Amino acid sequence: MKSCRGARTAVIVGAGVAGLTAASALARRGWRVEIAEAAPATATSGWGLCLTGPALRALDELGLADRCLAEGYGMAGITHVDVNGESADRVQLPRLIGAERPAMVGMARPVLHRILRETAERSGVVVHYGMTVAAVDQEQELVRVRFSDGTVRQFALLVGADGIRSSVRALLGLATSLDYHGQMVWRALVSRPPWATRIHQFAGEVNTAGLIPISGSQAYVFLTENGVGHSALPDAELAPRLRQLLGAFPGRVKEICPLVSASESVVRRPVQTALLAGAWNRGNGVVIGDAAHAPAPQMASGAALAIEDGLVLAHELACHESVGAGLESFVNRRARRCRTLVQTSVAIVGLEQAQHHHKAYPLVNACHQQMAEPA
Ligand SMILES: Cc1cc2nc3c(=O)[nH]c(=O)nc-3n(C[C@H](O)[C@H](O)[C@H](O)COP(=O)(O)OP(=O)(O)OC[C@H]3O[C@@H](n4cnc5c(N)ncnc54)[C@H](O)[C@@H]3O)c2cc1C
């Protein structure tokens, strides 16, 4: 059997959070890594995200936590506000990178992507933009990959990090459903009000809203719209409709409404989840990140799982003689944690839809405590 330590070449499909982190982690352990990314190099994904403690802990292992904190906005916890505009719960999240550093960080997505991309490229990773994988077959210890430009190459490892609609998942013969949960989630970039120094989440009569700072000057508003079909709206209607939905909330949410002025800063996406019930790997191929386990955004932890996946994958491959055994061990180590997170996020969606917000708070808290355990 050929040792994976002997022929360490990897192709990763997708230069998102999971793909870029896995690429850096593998390259640091001596792998020669290439990434095929379908989007052009200039593509940026627009809104912000919150990186919780487990994400910061994993980024710290790559030496990136301080950079993310410097370019984002460090926070200690979540303030939940009830339907009357009164503070209902104040959650302090575990500080996993030391008592003197923040528990989490809000960031603009393009900033996180830039940091991860620069780090991967500095580690020698080559990213091919506008490229995807058209076919995959496996022979002995090698994966033969046909790229969208017609070239055929062999690698010791194929990693599908191509998101919730992963085509690598299908090419490896791994199947999962994509579940829509009757919610559309809105995001809009706004200037940061001075009081927004942590996550603020507001329960409404029908919907849920919130504000997350992503830098000293910027924040993003989110709104989860309940009981709607999976539908699209014309761009011109996005900002006025979001302002209308926010207008139904009392207190501070009303203050945010006028900030949502420019239509191009507003995005609206379906809340969808995916979870591979069985193996995530076949032969020397594996899927990671949202391709294996995509939670609803309610736990703000999909990126944390994706970043952890990259680090644990590189670690398990270093601990095993063959790629196949390393992948088995990786999936065994990750499956339970990722399933818990996805299932909890879906349970929170249900509680929001039933207007049982107060029941969701302890669930969110308990799940964050669970995720504080080592990956
Ligand atoms: C509205 C919303 C809000 C969220 N907020 C948070 C949050 O605050 N905190 C948090 O931790 N998580 C959040 N998440 C979840 C988080 O965004 C994902 O879990 C995370 O981005 C998953 O990373 P990934 O690399 O697996 O997938 P992605 O980020 O989707 O990256 C996949 C990459 O693969 C590329 N690709 C796709 N198909 C192909 C192909 N066939 N060939 C080549 N390349 C391909 C894509 O262009 C992309 O670059 C949120 C999700 C949503 C929808």
# chains A, B, ... in the order shown; residues from 1 in each chain; ligands from 1

$ residues_near_ligand --ligand "ligand 1" --cutoff "7 Å" --atoms "only C-alpha atoms and all ligand atoms" --output "ChimeraX atom specification"
/A:13-19,36-39,48-52,131-133,161-168,185-187,269,271,288-291,294-297,300-304,306

$ write_last_selection --atoms "N, CA and C atoms" --output "compact mmCIF listing (two decimals), in the first residue's frame"
# COMPACT_ATOMS: atom_id res chain seq x y z
N VAL A 13 -11.81 21.04 -4.06
CA VAL A 13 -12.78 21.71 -4.93
C VAL A 13 -13.55 22.72 -4.07
N GLY A 14 -13.37 24.00 -4.37
CA GLY A 14 -14.03 25.06 -3.61
C GLY A 14 -13.06 25.84 -2.76
N ALA A 15 -12.95 27.14 -3.02
CA ALA A 15 -12.08 28.02 -2.21
C ALA A 15 -12.93 28.86 -1.28
N GLY A 16 -13.82 28.19 -0.53
CA GLY A 16 -14.59 28.87 0.51
C GLY A 16 -13.84 28.71 1.83
N VAL A 17 -14.58 28.86 2.92
CA VAL A 17 -13.97 28.80 4.25
C VAL A 17 -13.34 27.41 4.48
N ALA A 18 -14.10 26.35 4.16
CA ALA A 18 -13.59 24.98 4.41
C ALA A 18 -12.39 24.69 3.51
N GLY A 19 -12.52 24.99 2.22
CA GLY A 19 -11.47 24.64 1.26
C GLY A 19 -10.16 25.36 1.54
N ALA A 36 -9.51 23.97 -7.06
CA ALA A 36 -10.32 24.35 -8.22
C ALA A 36 -11.53 25.11 -7.71
N GLU A 37 -11.63 26.37 -8.06
CA GLU A 37 -12.75 27.22 -7.59
C GLU A 37 -13.57 27.67 -8.80
N ALA A 38 -14.87 27.38 -8.76
CA ALA A 38 -15.73 27.67 -9.92
C ALA A 38 -15.85 29.18 -10.18
N ALA A 39 -15.85 29.98 -9.14
CA ALA A 39 -16.06 31.42 -9.31
C ALA A 39 -14.79 32.10 -9.81
N GLY A 48 -21.85 39.92 6.10
CA GLY A 48 -20.93 39.58 7.18
C GLY A 48 -21.27 38.25 7.82
N LEU A 49 -20.42 37.81 8.72
CA LEU A 49 -20.71 36.62 9.50
C LEU A 49 -20.08 36.73 10.87
N CYS A 50 -20.53 35.86 11.76
CA CYS A 50 -20.00 35.86 13.11
C CYS A 50 -19.19 34.57 13.30
N LEU A 51 -17.96 34.72 13.75
CA LEU A 51 -17.14 33.54 14.01
C LEU A 51 -17.13 33.31 15.52
N THR A 52 -17.71 32.19 15.93
CA THR A 52 -17.83 31.88 17.36
C THR A 52 -16.50 31.34 17.90
N MET A 131 -12.68 27.27 -12.46
CA MET A 131 -12.40 25.86 -12.77
C MET A 131 -13.22 24.96 -11.86
N THR A 132 -13.75 23.88 -12.44
CA THR A 132 -14.43 22.90 -11.59
C THR A 132 -14.00 21.49 -12.00
N VAL A 133 -14.59 20.52 -11.33
CA VAL A 133 -14.26 19.12 -11.61
C VAL A 133 -15.45 18.51 -12.34
N ALA A 161 -15.03 20.67 -1.09
CA ALA A 161 -15.37 21.74 -0.15
C ALA A 161 -16.21 22.74 -0.92
N ASP A 162 -17.15 22.20 -1.70
CA ASP A 162 -17.89 23.04 -2.65
C ASP A 162 -19.30 23.37 -2.19
N GLY A 163 -19.48 23.44 -0.87
CA GLY A 163 -20.70 24.05 -0.35
C GLY A 163 -21.91 23.14 -0.34
N ILE A 164 -23.03 23.71 0.07
CA ILE A 164 -24.25 22.93 0.32
C ILE A 164 -24.75 22.20 -0.94
N ARG A 165 -24.50 22.80 -2.12
CA ARG A 165 -24.94 22.15 -3.37
C ARG A 165 -23.80 21.36 -4.01
N SER A 166 -22.92 20.82 -3.22
CA SER A 166 -21.70 20.15 -3.66
C SER A 166 -21.91 19.21 -4.86
N SER A 167 -21.09 19.42 -5.90
CA SER A 167 -21.14 18.43 -6.99
C SER A 167 -20.15 17.30 -6.75
N VAL A 168 -19.11 17.55 -5.93
CA VAL A 168 -18.18 16.46 -5.60
C VAL A 168 -18.92 15.37 -4.80
N VAL A 185 -33.90 34.23 4.97
CA VAL A 185 -33.09 35.04 5.88
C VAL A 185 -32.55 36.25 5.12
N TRP A 186 -32.68 37.40 5.73
CA TRP A 186 -32.26 38.67 5.13
C TRP A 186 -30.98 39.16 5.80
N ARG A 187 -30.14 39.81 5.02
CA ARG A 187 -28.93 40.45 5.56
C ARG A 187 -28.78 41.82 4.89
N ARG A 269 -31.90 35.04 1.39
CA ARG A 269 -31.55 33.65 1.05
C ARG A 269 -32.50 32.69 1.77
N VAL A 271 -33.42 29.52 4.11
CA VAL A 271 -32.76 28.74 5.17
C VAL A 271 -32.86 27.27 4.77
N ILE A 288 -16.22 18.00 2.94
CA ILE A 288 -16.11 18.70 4.22
C ILE A 288 -16.95 19.98 4.17
N GLY A 289 -17.08 20.64 5.32
CA GLY A 289 -17.83 21.90 5.36
C GLY A 289 -19.30 21.67 5.03
N ASP A 290 -19.92 22.69 4.43
CA ASP A 290 -21.35 22.61 4.11
C ASP A 290 -21.67 21.45 3.18
N ALA A 291 -20.71 20.98 2.42
CA ALA A 291 -20.96 19.84 1.52
C ALA A 291 -21.33 18.60 2.32
N ALA A 294 -24.51 21.17 6.49
CA ALA A 294 -24.84 22.60 6.40
C ALA A 294 -25.94 22.92 7.39
N PRO A 295 -25.63 23.65 8.48
CA PRO A 295 -26.67 23.99 9.46
C PRO A 295 -27.47 25.21 9.00
N ALA A 296 -28.60 25.45 9.67
CA ALA A 296 -29.31 26.72 9.50
C ALA A 296 -28.46 27.80 10.18
N PRO A 297 -28.58 29.07 9.74
CA PRO A 297 -27.69 30.11 10.29
C PRO A 297 -27.95 30.45 11.75
N ALA A 300 -25.07 30.35 14.05
CA ALA A 300 -23.90 31.10 13.57
C ALA A 300 -22.63 30.26 13.71
N SER A 301 -22.69 29.01 13.27
CA SER A 301 -21.57 28.11 13.51
C SER A 301 -21.16 27.27 12.30
N GLY A 302 -21.79 27.49 11.15
CA GLY A 302 -21.42 26.68 9.97
C GLY A 302 -19.96 26.90 9.57
N ALA A 303 -19.52 28.15 9.65
CA ALA A 303 -18.12 28.45 9.28
C ALA A 303 -17.17 27.86 10.31
N ALA A 304 -17.60 27.86 11.59
CA ALA A 304 -16.75 27.27 12.63
C ALA A 304 -16.51 25.79 12.33
N ALA A 306 -16.72 24.36 9.45
CA ALA A 306 -15.94 24.25 8.21
C ALA A 306 -14.44 24.46 8.49

$ residues_around --residues "Met75 of chain A" --least-positions-apart "3" --cutoff "7 Å" --atoms "only C-alpha atoms" --output "mmCIF file with N, CA and C atoms, in the first residue's frame"
data_model
loop_
_atom_site.group_PDB
_atom_site.id
_atom_site.type_symbol
_atom_site.label_atom_id
_atom_site.label_comp_id
_atom_site.auth_asym_id
_atom_site.auth_seq_id
_atom_site.Cartn_x
_atom_site.Cartn_y
_atom_site.Cartn_z
ATOM 1 N N PRO A 102 -11.468 38.230 23.020
ATOM 2 C CA PRO A 102 -12.929 38.126 22.878
ATOM 3 C C PRO A 102 -13.403 36.680 22.665
ATOM 4 N N ALA A 103 -14.709 36.468 22.939
ATOM 5 C CA ALA A 103 -15.301 35.139 22.763
ATOM 6 C C ALA A 103 -15.581 34.849 21.293
ATOM 7 N N MET A 104 -15.840 35.897 20.517
ATOM 8 C CA MET A 104 -16.152 35.700 19.088
ATOM 9 C C MET A 104 -15.847 36.986 18.323
ATOM 10 N N VAL A 105 -15.941 36.877 17.001
ATOM 11 C CA VAL A 105 -15.650 38.062 16.188
ATOM 12 C C VAL A 105 -16.671 38.168 15.040
ATOM 13 N N THR A 197 -22.399 46.547 20.422
ATOM 14 C CA THR A 197 -21.055 46.086 20.778
ATOM 15 C C THR A 197 -21.024 44.572 20.969
ATOM 16 N N ARG A 198 -22.179 43.914 20.786
ATOM 17 C CA ARG A 198 -22.277 42.461 20.881
ATOM 18 C C ARG A 198 -23.388 42.038 19.929
#

$ closest_atom_pairs --of "segment 109-228 of chain A" --to "segment 326-332 of chain A" --cutoff "12 Å" --atoms "only C-alpha atoms" --output "Markdown table"
| residue | atom | partner | partner_atom | distance |
| --- | --- | --- | --- | --- |
| A:Ala156 | CA | A:Leu327 | CA | 11.9 |
| A:Leu157 | CA | A:Leu327 | CA | 9.6 |
| A:Leu158 | CA | A:Leu327 | CA | 10.7 |
| A:Val159 | CA | A:Leu327 | CA | 10.2 |

$ atom_distance --atom1 "atom CA of Gly251 of chain A" --atom2 "atom CA of Ala360 of chain A"
21.3 Å

$ residues_around --residues "Arg243 of chain A" --least-positions-apart "2" --cutoff "12 Å" --atoms "only C-alpha atoms" --output "ChimeraX atom specification"
/A:186-188,209,221-223,237-241,245-249,253-263,266

$ select_by_dssp --residues "segment 37-253 of chain A" --states "strand (DSSP E or B)" --output "MDAnalysis selection string"
chainID A and resid 37 48:51 73:75 77:81 87:92 104:108 126:129 133:139 142:147 152:155 157:160 179:191 199:203 208:213 218:226

$ atom_distance --atom1 "atom CA of Gly63 of chain A" --atom2 "atom CA of Val190 of chain A"
29.6 Å

$ residues_around --residues "segment 342-357 of chain A" --least-positions-apart "6" --cutoff "10 Å" --atoms "only C-alpha atoms" --output "PyMOL selection string"
chain A and resi 80-83+88+179+181-183+202-208+224-227+271-275+293-302+363-364+366-367

$ write_last_selection --atoms "N, CA and C atoms" --output "mmCIF file, in the first residue's frame"
data_model
loop_
_atom_site.group_PDB
_atom_site.id
_atom_site.type_symbol
_atom_site.label_atom_id
_atom_site.label_comp_id
_atom_site.auth_asym_id
_atom_site.auth_seq_id
_atom_site.Cartn_x
_atom_site.Cartn_y
_atom_site.Cartn_z
ATOM 1 N N HIS A 80 -30.460 38.884 24.099
ATOM 2 C CA HIS A 80 -31.757 38.536 23.506
ATOM 3 C C HIS A 80 -32.804 39.534 24.005
ATOM 4 N N VAL A 81 -33.578 40.058 23.081
ATOM 5 C CA VAL A 81 -34.610 41.043 23.436
ATOM 6 C C VAL A 81 -35.980 40.432 23.095
ATOM 7 N N ASP A 82 -36.962 40.569 24.012
ATOM 8 C CA ASP A 82 -38.261 39.912 23.784
ATOM 9 C C ASP A 82 -39.178 40.750 22.890
ATOM 10 N N VAL A 83 -40.370 40.247 22.643
ATOM 11 C CA VAL A 83 -41.281 40.911 21.691
ATOM 12 C C VAL A 83 -41.688 42.310 22.135
ATOM 13 N N ALA A 88 -34.320 40.033 27.445
ATOM 14 C CA ALA A 88 -34.865 38.760 27.941
ATOM 15 C C ALA A 88 -33.772 37.834 28.451
ATOM 16 N N ASP A 179 -32.814 20.436 2.644
ATOM 17 C CA ASP A 179 -34.112 20.698 3.253
ATOM 18 C C ASP A 179 -34.362 22.198 3.408
ATOM 19 N N HIS A 181 -36.649 25.116 5.162
ATOM 20 C CA HIS A 181 -37.384 25.130 6.428
ATOM 21 C C HIS A 181 -38.438 26.230 6.535
ATOM 22 N N GLY A 182 -38.898 26.743 5.398
ATOM 23 C CA GLY A 182 -39.992 27.736 5.447
ATOM 24 C C GLY A 182 -39.553 29.087 5.976
ATOM 25 N N GLN A 183 -38.254 29.363 5.926
ATOM 26 C CA GLN A 183 -37.755 30.677 6.360
ATOM 27 C C GLN A 183 -36.860 31.256 5.277
ATOM 28 N N PHE A 202 -33.519 40.160 18.379
ATOM 29 C CA PHE A 202 -34.826 40.685 18.782
ATOM 30 C C PHE A 202 -35.926 39.720 18.342
ATOM 31 N N ALA A 203 -36.705 39.219 19.314
ATOM 32 C CA ALA A 203 -37.855 38.374 18.977
ATOM 33 C C ALA A 203 -38.994 39.283 18.515
ATOM 34 N N GLY A 204 -39.656 38.893 17.421
ATOM 35 C CA GLY A 204 -40.800 39.687 16.954
ATOM 36 C C GLY A 204 -42.070 38.870 17.047
ATOM 37 N N GLU A 205 -43.210 39.489 16.714
ATOM 38 C CA GLU A 205 -44.484 38.751 16.743
ATOM 39 C C GLU A 205 -44.461 37.619 15.730
ATOM 40 N N VAL A 206 -43.805 37.844 14.592
ATOM 41 C CA VAL A 206 -43.755 36.812 13.546
ATOM 42 C C VAL A 206 -42.308 36.435 13.220
ATOM 43 N N ASN A 207 -41.456 37.419 13.093
ATOM 44 C CA ASN A 207 -40.091 37.181 12.624
ATOM 45 C C ASN A 207 -39.056 37.443 13.718
ATOM 46 N N THR A 208 -37.802 37.163 13.403
ATOM 47 C CA THR A 208 -36.699 37.440 14.334
ATOM 48 C C THR A 208 -35.734 38.384 13.632
ATOM 49 N N THR A 224 -35.004 37.058 10.073
ATOM 50 C CA THR A 224 -35.455 35.738 9.637
ATOM 51 C C THR A 224 -36.961 35.805 9.460
ATOM 52 N N GLU A 225 -37.397 35.590 8.217
ATOM 53 C CA GLU A 225 -38.810 35.754 7.871
ATOM 54 C C GLU A 225 -39.464 34.379 7.907
ATOM 55 N N ASN A 226 -40.472 34.227 8.726
ATOM 56 C CA ASN A 226 -41.107 32.913 8.917
ATOM 57 C C ASN A 226 -42.274 32.683 7.969
ATOM 58 N N GLY A 227 -42.539 31.394 7.708
ATOM 59 C CA GLY A 227 -43.763 31.008 7.001
ATOM 60 C C GLY A 227 -43.844 31.486 5.577
ATOM 61 N N VAL A 271 -33.418 29.525 4.110
ATOM 62 C CA VAL A 271 -32.763 28.740 5.172
ATOM 63 C C VAL A 271 -32.859 27.266 4.766
ATOM 64 N N GLN A 272 -31.706 26.712 4.389
ATOM 65 C CA GLN A 272 -31.657 25.316 3.952
ATOM 66 C C GLN A 272 -30.593 24.589 4.752
ATOM 67 N N THR A 273 -30.830 23.312 4.976
ATOM 68 C CA THR A 273 -29.820 22.511 5.662
ATOM 69 C C THR A 273 -29.546 21.238 4.860
ATOM 70 N N ALA A 274 -28.375 20.675 5.104
ATOM 71 C CA ALA A 274 -28.017 19.379 4.491
ATOM 72 C C ALA A 274 -27.170 18.639 5.511
ATOM 73 N N LEU A 275 -27.321 17.320 5.554
ATOM 74 C CA LEU A 275 -26.527 16.518 6.496
ATOM 75 C C LEU A 275 -26.348 15.126 5.913
ATOM 76 N N HIS A 293 -22.241 18.930 5.934
ATOM 77 C CA HIS A 293 -23.111 19.282 7.077
ATOM 78 C C HIS A 293 -23.383 20.782 7.039
ATOM 79 N N ALA A 294 -24.512 21.165 6.486
ATOM 80 C CA ALA A 294 -24.836 22.600 6.399
ATOM 81 C C ALA A 294 -25.941 22.920 7.391
ATOM 82 N N PRO A 295 -25.627 23.654 8.484
ATOM 83 C CA PRO A 295 -26.671 23.991 9.457
ATOM 84 C C PRO A 295 -27.475 25.208 9.004
ATOM 85 N N ALA A 296 -28.597 25.447 9.673
ATOM 86 C CA ALA A 296 -29.306 26.716 9.503
ATOM 87 C C ALA A 296 -28.459 27.797 10.179
ATOM 88 N N PRO A 297 -28.582 29.069 9.743
ATOM 89 C CA PRO A 297 -27.689 30.105 10.290
ATOM 90 C C PRO A 297 -27.950 30.453 11.753
ATOM 91 N N GLN A 298 -29.008 29.934 12.343
ATOM 92 C CA GLN A 298 -29.391 30.340 13.709
ATOM 93 C C GLN A 298 -28.298 30.131 14.763
ATOM 94 N N MET A 299 -27.427 29.130 14.599
ATOM 95 C CA MET A 299 -26.355 28.909 15.584
ATOM 96 C C MET A 299 -25.083 29.668 15.204
ATOM 97 N N ALA A 300 -25.073 30.350 14.053
ATOM 98 C CA ALA A 300 -23.898 31.101 13.574
ATOM 99 C C ALA A 300 -22.627 30.258 13.707
ATOM 100 N N SER A 301 -22.692 29.011 13.270
ATOM 101 C CA SER A 301 -21.568 28.111 13.512
ATOM 102 C C SER A 301 -21.158 27.268 12.305
ATOM 103 N N GLY A 302 -21.787 27.488 11.150
ATOM 104 C CA GLY A 302 -21.417 26.680 9.968
ATOM 105 C C GLY A 302 -19.963 26.903 9.573
ATOM 106 N N LEU A 363 -31.345 26.459 24.598
ATOM 107 C CA LEU A 363 -30.850 25.491 23.602
ATOM 108 C C LEU A 363 -29.598 26.041 22.912
ATOM 109 N N VAL A 364 -29.661 27.334 22.532
ATOM 110 C CA VAL A 364 -28.511 27.996 21.896
ATOM 111 C C VAL A 364 -27.318 27.968 22.847
ATOM 112 N N ALA A 366 -26.745 25.980 25.479
ATOM 113 C CA ALA A 366 -26.226 24.623 25.736
ATOM 114 C C ALA A 366 -25.400 24.138 24.545
ATOM 115 N N CYS A 367 -25.858 24.456 23.345
ATOM 116 C CA CYS A 367 -25.128 23.992 22.155
ATOM 117 C C CYS A 367 -23.779 24.702 22.055
#

$ atom_distance --atom1 "atom CA of Arg90 of chain A" --atom2 "atom CA of Gly77 of chain A"
7.4 Å

$ select_by_dssp --residues "segment 82-262 of chain A" --states "alpha helix (DSSP H)" --output "number ranges by chain"
A: 109-122, 167-171, 235-246, 252-256

$ residues_around --residues "Val136 of chain A" --least-positions-apart "4" --cutoff "8 Å" --atoms "only C-alpha atoms" --output "list in words"
Val143, Arg144, Val145, Arg146, Leu171 and Leu172 of chain A

$ residues_around --residues "Ala375 of chain A" --least-positions-apart "4" --cutoff "10 Å" --atoms "only C-alpha atoms" --output "mmCIF file with C-alpha atoms, in the first residue's frame"
data_model
loop_
_atom_site.group_PDB
_atom_site.id
_atom_site.type_symbol
_atom_site.label_atom_id
_atom_site.label_comp_id
_atom_site.auth_asym_id
_atom_site.auth_seq_id
_atom_site.Cartn_x
_atom_site.Cartn_y
_atom_site.Cartn_z
ATOM 1 C CA PRO A 54 -14.569 27.257 18.122
ATOM 2 C CA ARG A 57 -9.754 28.631 18.410
ATOM 3 C CA ALA A 58 -9.195 26.865 15.075
ATOM 4 C CA LEU A 305 -17.434 23.662 11.661
ATOM 5 C CA GLU A 308 -12.424 22.919 12.237
ATOM 6 C CA ASP A 309 -12.926 20.325 9.468
ATOM 7 C CA LEU A 311 -7.615 21.375 10.667
ATOM 8 C CA VAL A 312 -8.880 17.985 11.843
ATOM 9 C CA ARG A 333 -14.120 12.212 14.794
ATOM 10 C CA ARG A 334 -16.368 14.846 13.197
ATOM 11 C CA ARG A 337 -20.361 17.061 16.597
ATOM 12 C CA CYS A 338 -21.554 18.255 13.187
ATOM 13 C CA MET A 371 -19.194 23.227 20.877
#

$ closest_residue --among "A:Gln140, A:Gln201, A:Gln92, A:Thr21" --to "Ala120 of chain A" --atoms "only C-alpha atoms"
A:Thr21

$ closest_residue --among "A:Arg252, A:His315, A:Arg109, A:Arg153" --to "Trp195 of chain A" --atoms "only C-alpha atoms"
A:Arg252

$ closest_residue --among "A:Arg101, A:Ala41, A:Val323, A:Pro193" --to "His113 of chain A" --atoms "only C-alpha atoms"
A:Ala41
